[in-house]
$ cat input.cif   # mmCIF, C-alpha atoms
data_structure
loop_
_atom_site.group_PDB
_atom_site.id
_atom_site.type_symbol
_atom_site.label_atom_id
_atom_site.label_comp_id
_atom_site.auth_asym_id
_atom_site.auth_seq_id
_atom_site.Cartn_x
_atom_site.Cartn_y
_atom_site.Cartn_z
ATOM 1 C CA MET T 1 0.000 0.000 0.000
ATOM 2 C CA VAL T 2 1.302 3.460 -0.935
ATOM 3 C CA GLU T 3 1.706 5.836 2.000
ATOM 4 C CA LEU T 4 0.583 9.396 1.240
ATOM 5 C CA PRO T 5 1.683 12.589 3.007
ATOM 6 C CA ASP T 6 -0.696 13.712 5.731
ATOM 7 C CA SER T 7 -0.701 17.408 4.894
ATOM 8 C CA LEU T 8 -2.685 18.954 2.064
ATOM 9 C CA PRO T 9 0.178 21.318 1.068
ATOM 10 C CA ALA T 10 2.531 18.331 0.713
ATOM 11 C CA ARG T 11 -0.026 16.555 -1.454
ATOM 12 C CA MET T 12 -0.477 19.605 -3.677
ATOM 13 C CA TYR T 13 3.314 19.924 -4.104
ATOM 14 C CA LEU T 14 3.448 16.342 -5.367
ATOM 15 C CA LEU T 15 0.414 16.880 -7.601
ATOM 16 C CA ALA T 16 2.306 19.752 -9.245
ATOM 17 C CA TYR T 17 5.051 17.304 -10.267
ATOM 18 C CA ASP T 18 5.154 16.196 -13.904
ATOM 19 C CA LEU T 19 6.245 12.553 -13.945
ATOM 20 C CA LYS T 20 6.909 12.592 -17.692
ATOM 21 C CA LYS T 21 9.208 15.616 -17.583
ATOM 22 C CA HIS T 22 10.644 14.775 -14.139
ATOM 23 C CA ARG T 23 10.137 18.277 -12.787
ATOM 24 C CA LEU T 24 7.575 20.545 -11.199
ATOM 25 C CA ALA T 25 5.039 21.751 -13.754
ATOM 26 C CA VAL T 26 4.635 25.018 -11.845
ATOM 27 C CA SER T 27 7.031 26.754 -9.527
ATOM 28 C CA GLY T 28 7.782 30.135 -7.995
ATOM 29 C CA SER T 29 4.965 32.344 -6.811
ATOM 30 C CA ARG T 30 2.120 30.335 -8.361
ATOM 31 C CA LEU T 31 3.157 27.144 -6.602
ATOM 32 C CA GLY T 32 3.557 29.133 -3.400
ATOM 33 C CA TYR T 33 0.029 30.517 -3.691
ATOM 34 C CA VAL T 34 -1.393 27.018 -4.182
ATOM 35 C CA LEU T 35 0.518 25.686 -1.174
ATOM 36 C CA ARG T 36 -0.538 28.582 1.058
ATOM 37 C CA ALA T 37 -4.136 28.087 -0.061
ATOM 38 C CA ALA T 38 -3.804 24.368 0.664
ATOM 39 C CA ALA T 39 -2.632 25.120 4.207
ATOM 40 C CA LEU T 40 -5.528 27.543 4.717
ATOM 41 C CA THR T 41 -7.960 24.969 3.317
ATOM 42 C CA GLU T 42 -6.642 22.271 5.643
ATOM 43 C CA LEU T 43 -7.126 24.560 8.640
ATOM 44 C CA PHE T 44 -10.621 25.513 7.451
ATOM 45 C CA LEU T 45 -11.685 21.894 6.916
ATOM 46 C CA ASP T 46 -10.340 20.909 10.334
ATOM 47 C CA GLY T 47 -12.236 23.738 12.042
ATOM 48 C CA ARG T 48 -9.143 25.650 13.132
ATOM 49 C CA LEU T 49 -10.108 28.570 10.913
ATOM 50 C CA THR T 50 -13.540 29.963 10.215
ATOM 51 C CA GLU T 51 -14.743 32.847 8.077
ATOM 52 C CA GLU T 52 -16.073 36.134 9.384
ATOM 53 C CA ARG T 53 -16.969 38.999 7.016
ATOM 54 C CA ARG T 54 -15.167 37.162 4.185
ATOM 55 C CA ARG T 55 -11.955 37.019 6.191
ATOM 56 C CA PRO T 56 -10.306 34.101 7.999
ATOM 57 C CA ARG T 57 -10.516 34.020 11.782
ATOM 58 C CA PRO T 58 -9.014 31.506 14.234
ATOM 59 C CA ASP T 59 -11.584 29.120 15.671
ATOM 60 C CA THR T 60 -11.073 25.727 17.345
ATOM 61 C CA PRO T 61 -7.600 25.409 18.919
ATOM 62 C CA GLY T 62 -5.366 22.699 17.503
ATOM 63 C CA GLU T 63 -2.227 22.014 15.528
ATOM 64 C CA ASP T 64 -0.824 24.831 13.413
ATOM 65 C CA PRO T 65 1.917 23.101 11.392
ATOM 66 C CA TYR T 66 2.769 26.031 9.133
ATOM 67 C CA GLY T 67 2.078 28.827 11.629
ATOM 68 C CA LEU T 68 -0.783 30.372 9.657
ATOM 69 C CA VAL T 69 -3.255 30.476 12.531
ATOM 70 C CA ALA T 70 -0.671 32.307 14.638
ATOM 71 C CA GLN T 71 -0.074 34.795 11.804
ATOM 72 C CA ILE T 72 -3.791 35.434 11.380
ATOM 73 C CA ALA T 73 -4.379 35.745 15.128
ATOM 74 C CA ALA T 74 -1.584 38.333 15.444
ATOM 75 C CA SER T 75 -2.852 40.450 12.542
ATOM 76 C CA ARG T 76 -5.765 42.761 11.962
ATOM 77 C CA PRO T 77 -8.490 41.162 9.802
ATOM 78 C CA ARG T 78 -7.241 40.668 6.244
ATOM 79 C CA SER T 79 -8.580 38.988 3.133
ATOM 80 C CA TRP T 80 -8.024 35.371 2.144
ATOM 81 C CA GLN T 81 -6.093 36.689 -0.858
ATOM 82 C CA TYR T 82 -3.655 38.483 1.458
ATOM 83 C CA TRP T 83 -2.923 35.267 3.345
ATOM 84 C CA VAL T 84 -2.538 33.297 0.091
ATOM 85 C CA ARG T 85 0.147 35.753 -1.066
ATOM 86 C CA LYS T 86 1.972 36.205 2.230
ATOM 87 C CA ASP T 87 5.234 34.254 2.585
ATOM 88 C CA SER T 88 4.376 32.204 -0.515
ATOM 89 C CA LYS T 89 8.010 31.682 -1.572
ATOM 90 C CA ALA T 90 8.977 30.551 1.920
ATOM 91 C CA MET T 91 6.061 28.114 1.846
ATOM 92 C CA VAL T 92 7.509 26.362 -1.212
ATOM 93 C CA ARG T 93 10.815 25.810 0.606
ATOM 94 C CA THR T 94 9.070 24.641 3.779
ATOM 95 C CA VAL T 95 6.940 22.043 2.012
ATOM 96 C CA ARG T 96 9.864 20.930 -0.176
ATOM 97 C CA ASP T 97 12.018 20.349 2.900
ATOM 98 C CA GLU T 98 9.166 18.535 4.655
ATOM 99 C CA LEU T 99 8.791 16.129 1.722
ATOM 100 C CA ALA T 100 12.558 15.622 1.424
ATOM 101 C CA GLU T 101 12.886 14.848 5.131
ATOM 102 C CA ALA T 102 10.003 12.355 4.907
ATOM 103 C CA GLY T 103 11.664 10.652 1.937
ATOM 104 C CA TYR T 104 9.071 11.503 -0.707
ATOM 105 C CA ILE T 105 11.431 13.560 -2.863
ATOM 106 C CA LYS T 106 15.150 14.017 -3.441
ATOM 107 C CA VAL T 107 16.542 17.530 -3.899
ATOM 108 C CA ARG T 108 19.789 18.073 -5.806
ATOM 109 C CA HIS T 109 21.316 21.533 -5.697
ATOM 110 C CA ARG T 110 23.478 22.687 -8.600
ATOM 111 C CA ARG T 111 24.622 25.784 -10.486
ATOM 112 C CA VAL T 112 23.620 26.485 -14.074
ATOM 113 C CA LEU T 113 26.657 27.554 -16.116
ATOM 114 C CA GLY T 114 28.544 27.372 -12.872
ATOM 115 C CA LEU T 115 26.866 30.584 -11.696
ATOM 116 C CA PHE T 116 23.128 30.438 -11.112
ATOM 117 C CA PRO T 117 21.798 28.283 -8.254
ATOM 118 C CA SER T 118 19.232 25.714 -9.299
ATOM 119 C CA GLU T 119 17.681 22.596 -7.865
ATOM 120 C CA ARG T 120 16.431 19.357 -9.337
ATOM 121 C CA ILE T 121 13.483 17.670 -7.668
ATOM 122 C CA THR T 122 13.017 13.919 -8.068
ATOM 123 C CA VAL T 123 10.032 11.988 -6.754
ATOM 124 C CA ARG T 124 11.346 8.814 -5.148
ATOM 125 C CA ASP T 125 8.191 6.718 -5.677
ATOM 126 C CA PRO T 126 6.020 7.744 -8.672
ATOM 127 C CA ARG T 127 3.192 5.597 -7.262
ATOM 128 C CA VAL T 128 2.587 8.282 -4.636
ATOM 129 C CA VAL T 129 1.898 10.903 -7.298
ATOM 130 C CA LYS T 130 -0.209 8.456 -9.321
ATOM 131 C CA THR T 131 -2.294 7.618 -6.235
ATOM 132 C CA LEU T 132 -2.912 11.311 -5.585
ATOM 133 C CA TRP T 133 -3.865 11.789 -9.234
ATOM 134 C CA GLY T 134 -6.265 8.871 -8.896
ATOM 135 C CA GLY T 135 -7.957 10.441 -5.893
ATOM 136 C CA ALA T 136 -8.384 13.746 -7.705
ATOM 137 C CA SER T 137 -9.695 11.980 -10.808
ATOM 138 C CA SER T 138 -12.252 10.045 -8.757
ATOM 139 C CA ALA T 139 -13.365 13.257 -7.070
ATOM 140 C CA LEU T 140 -13.906 14.801 -10.474
ATOM 141 C CA ARG T 141 -15.733 11.904 -12.082
ATOM 142 C CA GLY T 142 -16.863 9.447 -9.425
ATOM 143 C CA LEU T 143 -18.884 9.637 -6.230
ATOM 144 C CA PRO T 144 -21.577 12.230 -5.471
ATOM 145 C CA VAL T 145 -19.862 15.401 -4.258
ATOM 146 C CA ALA T 146 -21.097 14.950 -0.687
ATOM 147 C CA HIS T 147 -19.300 11.588 -0.444
ATOM 148 C CA VAL T 148 -15.958 12.619 -1.926
ATOM 149 C CA ASN T 149 -12.970 12.558 0.458
ATOM 150 C CA SER T 150 -12.472 16.134 1.651
ATOM 151 C CA TYR T 151 -8.769 16.258 0.702
ATOM 152 C CA ASP T 152 -9.498 14.866 -2.777
ATOM 153 C CA ALA T 153 -12.232 17.475 -3.241
ATOM 154 C CA ALA T 154 -9.845 20.189 -2.078
ATOM 155 C CA ALA T 155 -7.112 18.900 -4.398
ATOM 156 C CA VAL T 156 -9.413 19.367 -7.401
ATOM 157 C CA ALA T 157 -10.537 22.811 -6.225
ATOM 158 C CA LEU T 158 -6.960 23.984 -5.651
ATOM 159 C CA ALA T 159 -5.663 22.424 -8.877
ATOM 160 C CA ALA T 160 -8.377 24.201 -10.862
ATOM 161 C CA ALA T 161 -7.761 27.526 -9.127
ATOM 162 C CA GLY T 162 -3.984 27.221 -9.489
ATOM 163 C CA GLU T 163 -4.213 25.997 -13.090
ATOM 164 C CA LEU T 164 -2.217 22.840 -12.348
ATOM 165 C CA LYS T 165 -2.275 21.119 -15.729
ATOM 166 C CA THR T 166 -0.737 17.995 -14.250
ATOM 167 C CA VAL T 167 -4.099 17.431 -12.529
ATOM 168 C CA LEU T 168 -6.546 19.377 -14.670
ATOM 169 C CA PRO T 169 -5.709 20.273 -18.271
ATOM 170 C CA SER T 170 -7.679 23.295 -19.491
ATOM 171 C CA SER T 171 -10.005 20.985 -21.471
ATOM 172 C CA ASP T 172 -10.962 19.143 -18.273
ATOM 173 C CA ARG T 173 -11.506 22.418 -16.424
ATOM 174 C CA ARG T 174 -14.006 23.432 -19.104
ATOM 175 C CA ARG T 175 -15.663 20.012 -19.376
ATOM 176 C CA HIS T 176 -16.146 19.585 -15.622
ATOM 177 C CA LYS T 177 -16.768 23.223 -14.725
ATOM 178 C CA ARG T 178 -19.924 22.607 -12.679
ATOM 179 C CA ARG T 179 -18.420 19.660 -10.794
ATOM 180 C CA ILE T 180 -15.337 21.750 -9.969
ATOM 181 C CA GLN T 181 -17.582 24.525 -8.660
ATOM 182 C CA GLU T 182 -19.363 22.029 -6.385
ATOM 183 C CA LEU T 183 -16.080 20.609 -5.078
ATOM 184 C CA THR T 184 -14.771 24.142 -4.534
ATOM 185 C CA ALA T 185 -17.867 25.069 -2.530
ATOM 186 C CA ARG T 186 -17.147 22.074 -0.260
ATOM 187 C CA SER T 187 -13.530 23.112 0.249
ATOM 188 C CA GLY T 188 -13.903 26.626 1.634
ATOM 189 C CA PRO T 189 -12.794 30.149 0.665
ATOM 190 C CA ALA T 190 -9.062 29.643 0.035
ATOM 191 C CA ALA T 191 -9.341 28.071 -3.430
ATOM 192 C CA PRO T 192 -11.423 30.962 -4.846
ATOM 193 C CA ALA T 193 -8.889 33.319 -3.232
ATOM 194 C CA VAL T 194 -5.925 31.719 -5.020
ATOM 195 C CA ARG T 195 -7.820 31.983 -8.315
ATOM 196 C CA LYS T 196 -8.284 35.726 -7.752
ATOM 197 C CA VAL T 197 -4.617 36.175 -6.827
ATOM 198 C CA ILE T 198 -3.410 34.372 -9.958
ATOM 199 C CA ARG T 199 -5.838 36.235 -12.209
ATOM 200 C CA ALA T 200 -4.671 39.544 -10.764
ATOM 201 C CA GLN T 201 -1.048 38.515 -11.313
ATOM 202 C CA ASN T 202 -1.771 37.494 -14.909
ATOM 203 C CA ALA T 203 -3.599 40.762 -15.564
ATOM 204 C CA ALA T 204 -0.695 42.768 -14.148
ATOM 205 C CA ALA T 205 1.751 40.830 -16.310
ATOM 206 C CA GLY T 206 -0.408 41.436 -19.374
ATOM 207 C CA ALA T 207 -0.656 45.135 -18.623
ATOM 208 C CA GLY T 208 3.105 45.318 -18.264
#

$ encode --input "input.cif" --output "structure tokens"
Amino acid sequence: MVELPDSLPARMYLLAYDLKKHRLAVSGSRLGYVLRAAALTELFLDGRLTEERRRPRPDTPGEDPYGLVAQIAASRPRSWQYWVRKDSKAMVRTVRDELAEAGYIKVRHRRVLGLFPSERITVRDPRVVKTLWGGASSALRGLPVAHVNSYDAAAVALAAAGELKTVLPSSDRRRHKRRIQELTARSGPAAPAVRKVIRAQNAAAGAG
């Protein structure tokens, strides 16, 4: 039996990995936004965050593995989009290191042309990624939405919002639009927030 990571951010990192090209299909800020949104979604689903006036608010005490509840508690009320963007690059490193320490990935550091630092990510057991893909695929096409595993539902919602083509090619996003909307509604406010952040980033890039 394949053992999957417990955390939703770790699962989304692996879902962003392209097994054919042996690299992450998305990286940088967009991956960071998806991982931050995944952490927020996990906290929301577990009841550690709730929503008040369209903003996250700490609720039931419990584990805070990435420190987001502490950040939110120490801040004035801010939008979900703000918390998706905040510390997004650091989130990528944190989740990468978590997966490397747990033995899911291998990280090789190198320098391109002997100058520019780069890293190569290798998934140690491709079956882990394939199992996660299978869960997302079943959520998209299988059981009634109410019976879908909450992390699989969230994986689809986050993959659609983050435009992770490894999980959801654009054709599938169009074909299953209503189903994705239903899974997103089950998963809380963070997935719609990451979609808004990425759209705003794309618009800014286009304007530039």

$ closest_residue --input "input.cif" --among "T:Arg76, T:Leu183, T:Ser7, T:Arg178" --to "T:Val156" --atoms "only C-alpha atoms"
T:Leu183

$ residues_around --input "input.cif" --residues "T:Tyr33" --least-positions-apart "2" --cutoff "6 Å" --atoms "only C-alpha atoms" --output "PyMOL selection string"
chain T and resi 30-31+35-36+84-85+88

$ residues_near_point --input "input.cif" --point "(-16.0, 17.3, -13.0)" --cutoff "10 Å" --atoms "all atoms listed in the file" --output "VMD selection string"
chain T and resid 136 to 142 145 156 168 172 to 183

$ closest_residue --input "input.cif" --among "T:Pro58, T:Ala200, T:His147, T:Ser118" --to "T:Ser75" --atoms "all atoms listed in the file"
T:Pro58

$ atom_distance --input "input.cif" --atom1 "atom CA of T:Thr122" --atom2 "atom CA of T:His22"
6.6 Å

$ atom_distance --input "input.cif" --atom1 "atom CA of T:Ser187" --atom2 "atom CA of T:Ala204"
27.5 Å

$ closest_residue --input "input.cif" --among "T:Thr60, T:Val2, T:Asp18, T:Trp83" --to "T:Ile121" --atoms "only C-alpha atoms"
T:Asp18

$ residues_around --input "input.cif" --residues "stretch 123-133 of chain T" --least-positions-apart "4" --cutoff "10 Å" --atoms "all atoms listed in the file" --output "PyMOL selection string"
chain T and resi 1-5+11-19+22-24+99-100+103-107+137-139+151-152+155-156+166-168
